[in-house]
Amino acid sequence: MECQSCGACCAHFRVSFYWTEADDAPGGIVPVALTRQLNAHQRCMAGTSSRTPRCAALEGEVGQWVGCRIYAQRPSVCREVTPGDPQCLKARAALGLDAPPAQGTSPQDQ
């Protein structure tokens with residue numbers, strides 16, 4: 001399962017991270033304009049702390065085709081999620097998407 005055909009995690013979770021990951025801090029890379037301050041030490045991606053989360057950097061239609069406008073500059077928490085991991089499966093289930101096929105198999109093999 002490729003993230004580019006899913007995007008569920010970007011439309012289900014609040015994407016929060018330590019403030020120094022934003023580009024207004026030395027060494028930060030996440031565009032600060034796409035973040036919101038949560039408290040003195042944390043920010044989140046804009047759009048992800050709402051009742052119906054959707055990251056401001058997400059483009060496309062969840063479950064069809066999606067892309068991240070800031071993929072190379074995404075927060076560490078986004079880099080940690082991998083296709084088929086528990087967070088991925090939780091987000092997919094919450095949005096009514098089927099579980100992805102096991103790695104190395106195609107839908108025809110199942």
# chains A, B, ... in the order shown; residues from 1 in each chain; ligands from 1

call {"tool": "select_by_dssp", "arguments": {"residues": "chain A", "states": "strand (DSSP E or B)", "output": "ChimeraX atom specification"}}
result
/A:16-18,22,30,35-37,42-45,58-61,65-68

call {"tool": "select_by_dssp", "arguments": {"residues": "chain A", "states": "alpha helix (DSSP H)", "output": "list in words"}}
result
Ser76, Val77, Cys78, Arg79, Glu80, Pro86, Gln87, Cys88, Leu89, Lys90, Ala91, Arg92, Ala93 and Ala94 of chain A

call {"tool": "write_last_selection", "arguments": {"atoms": "N, CA and C atoms", "output": "PDB file, in the first residue's frame"}}
result
ATOM      1  N   SER A  76       8.677  15.060  11.902  1.00  0.00           N
ATOM      2  CA  SER A  76       9.194  13.733  12.241  1.00  0.00           C
ATOM      3  C   SER A  76       8.072  12.722  12.471  1.00  0.00           C
ATOM      4  N   VAL A  77       6.970  13.152  13.082  1.00  0.00           N
ATOM      5  CA  VAL A  77       5.868  12.229  13.350  1.00  0.00           C
ATOM      6  C   VAL A  77       5.311  11.667  12.040  1.00  0.00           C
ATOM      7  N   CYS A  78       5.318  12.448  10.990  1.00  0.00           N
ATOM      8  CA  CYS A  78       4.853  11.963   9.683  1.00  0.00           C
ATOM      9  C   CYS A  78       5.840  10.968   9.088  1.00  0.00           C
ATOM     10  N   ARG A  79       7.110  11.197   9.331  1.00  0.00           N
ATOM     11  CA  ARG A  79       8.148  10.298   8.817  1.00  0.00           C
ATOM     12  C   ARG A  79       8.100   8.937   9.495  1.00  0.00           C
ATOM     13  N   GLU A  80       7.552   8.878  10.695  1.00  0.00           N
ATOM     14  CA  GLU A  80       7.518   7.641  11.473  1.00  0.00           C
ATOM     15  C   GLU A  80       6.398   6.692  11.061  1.00  0.00           C
ATOM     16  N   PRO A  86       0.363   0.048  12.800  1.00  0.00           N
ATOM     17  CA  PRO A  86      -0.855   0.206  13.604  1.00  0.00           C
ATOM     18  C   PRO A  86      -1.543   1.577  13.446  1.00  0.00           C
ATOM     19  N   GLN A  87      -0.769   2.650  13.341  1.00  0.00           N
ATOM     20  CA  GLN A  87      -1.375   3.977  13.171  1.00  0.00           C
ATOM     21  C   GLN A  87      -2.086   4.077  11.824  1.00  0.00           C
ATOM     22  N   CYS A  88      -1.450   3.555  10.793  1.00  0.00           N
ATOM     23  CA  CYS A  88      -2.050   3.525   9.457  1.00  0.00           C
ATOM     24  C   CYS A  88      -3.380   2.770   9.490  1.00  0.00           C
ATOM     25  N   LEU A  89      -3.359   1.589  10.071  1.00  0.00           N
ATOM     26  CA  LEU A  89      -4.570   0.759  10.112  1.00  0.00           C
ATOM     27  C   LEU A  89      -5.684   1.417  10.921  1.00  0.00           C
ATOM     28  N   LYS A  90      -5.321   2.084  12.014  1.00  0.00           N
ATOM     29  CA  LYS A  90      -6.303   2.786  12.834  1.00  0.00           C
ATOM     30  C   LYS A  90      -6.966   3.913  12.041  1.00  0.00           C
ATOM     31  N   ALA A  91      -6.167   4.694  11.327  1.00  0.00           N
ATOM     32  CA  ALA A  91      -6.707   5.796  10.524  1.00  0.00           C
ATOM     33  C   ALA A  91      -7.577   5.269   9.386  1.00  0.00           C
ATOM     34  N   ARG A  92      -7.125   4.228   8.711  1.00  0.00           N
ATOM     35  CA  ARG A  92      -7.899   3.653   7.602  1.00  0.00           C
ATOM     36  C   ARG A  92      -9.242   3.141   8.097  1.00  0.00           C
ATOM     37  N   ALA A  93      -9.245   2.446   9.229  1.00  0.00           N
ATOM     38  CA  ALA A  93     -10.490   1.913   9.782  1.00  0.00           C
ATOM     39  C   ALA A  93     -11.438   3.049  10.165  1.00  0.00           C
ATOM     40  N   ALA A  94     -10.913   4.099  10.767  1.00  0.00           N
ATOM     41  CA  ALA A  94     -11.748   5.225  11.182  1.00  0.00           C
ATOM     42  C   ALA A  94     -12.399   5.930   9.999  1.00  0.00           C
TER      43      ALA A  94
END

call {"tool": "closest_residue", "arguments": {"among": "A:Arg43, A:His12, A:Ser5, A:Thr52", "to": "Asp24 (chain A)", "atoms": "only C-alpha atoms"}}
result
A:Arg43

call {"tool": "residues_around", "arguments": {"residues": "Leu38 (chain A)", "least_positions_apart": "2", "cutoff": "10 Å", "atoms": "only C-alpha atoms", "output": "PyMOL selection string"}}
result
chain A and resi 16-19+35-36+40-45+49

call {"tool": "residues_around", "arguments": {"residues": "Gly47 (chain A)", "least_positions_apart": "6", "cutoff": "9 Å", "atoms": "only C-alpha atoms", "output": "list in words"}}
result
Ala11, Arg14, Leu34, Thr35, Arg36, Pro53, Arg54, Cys55, Ala56 and Ala57 of chain A

call {"tool": "closest_residue", "arguments": {"among": "A:Trp65, A:Leu97, A:Gln73, A:Ser50", "to": "Ala22 (chain A)", "atoms": "only C-alpha atoms"}}
result
A:Gln73

call {"tool": "residues_around", "arguments": {"residues": "region 66-69 of chain A", "least_positions_apart": "4", "cutoff": "8 Å", "atoms": "only C-alpha atoms", "output": "PyMOL selection string"}}
result
chain A and resi 3-7+57-62

call {"tool": "write_last_selection", "arguments": {"atoms": "C-alpha atoms", "output": "tab-separated table (two decimals), in the first residue's frame"}}
result
chain	number	residue	atom	x	y	z
A	3	CYS	CA	0.63	6.41	1.08
A	4	GLN	CA	-0.08	8.24	-2.18
A	5	SER	CA	-3.23	6.19	-2.68
A	6	CYS	CA	-4.40	6.59	0.92
A	7	GLY	CA	-3.78	9.70	3.04
A	57	ALA	CA	-0.38	20.10	3.33
A	58	LEU	CA	-2.53	17.21	2.05
A	59	GLU	CA	-3.63	17.40	-1.57
A	60	GLY	CA	-6.04	15.09	-3.35
A	61	GLU	CA	-8.84	12.76	-2.31
A	62	VAL	CA	-8.30	10.44	0.66

call {"tool": "closest_residue", "arguments": {"among": "A:Val30, A:Gln64, A:Gln37, A:Pro75", "to": "Ala8 (chain A)", "atoms": "only C-alpha atoms"}}
result
A:Gln64

call {"tool": "closest_residue", "arguments": {"among": "A:Ile29, A:Val15, A:Cys9, A:Leu95", "to": "Ile70 (chain A)", "atoms": "only C-alpha atoms"}}
result
A:Ile29

call {"tool": "closest_residue", "arguments": {"among": "A:Val32, A:Arg51, A:Asp98, A:Tyr71", "to": "Thr20 (chain A)", "atoms": "only C-alpha atoms"}}
result
A:Val32

call {"tool": "closest_residue", "arguments": {"among": "A:Pro31, A:Thr48, A:Gly84, A:Gly96", "to": "Ala72 (chain A)", "atoms": "only C-alpha atoms"}}
result
A:Pro31
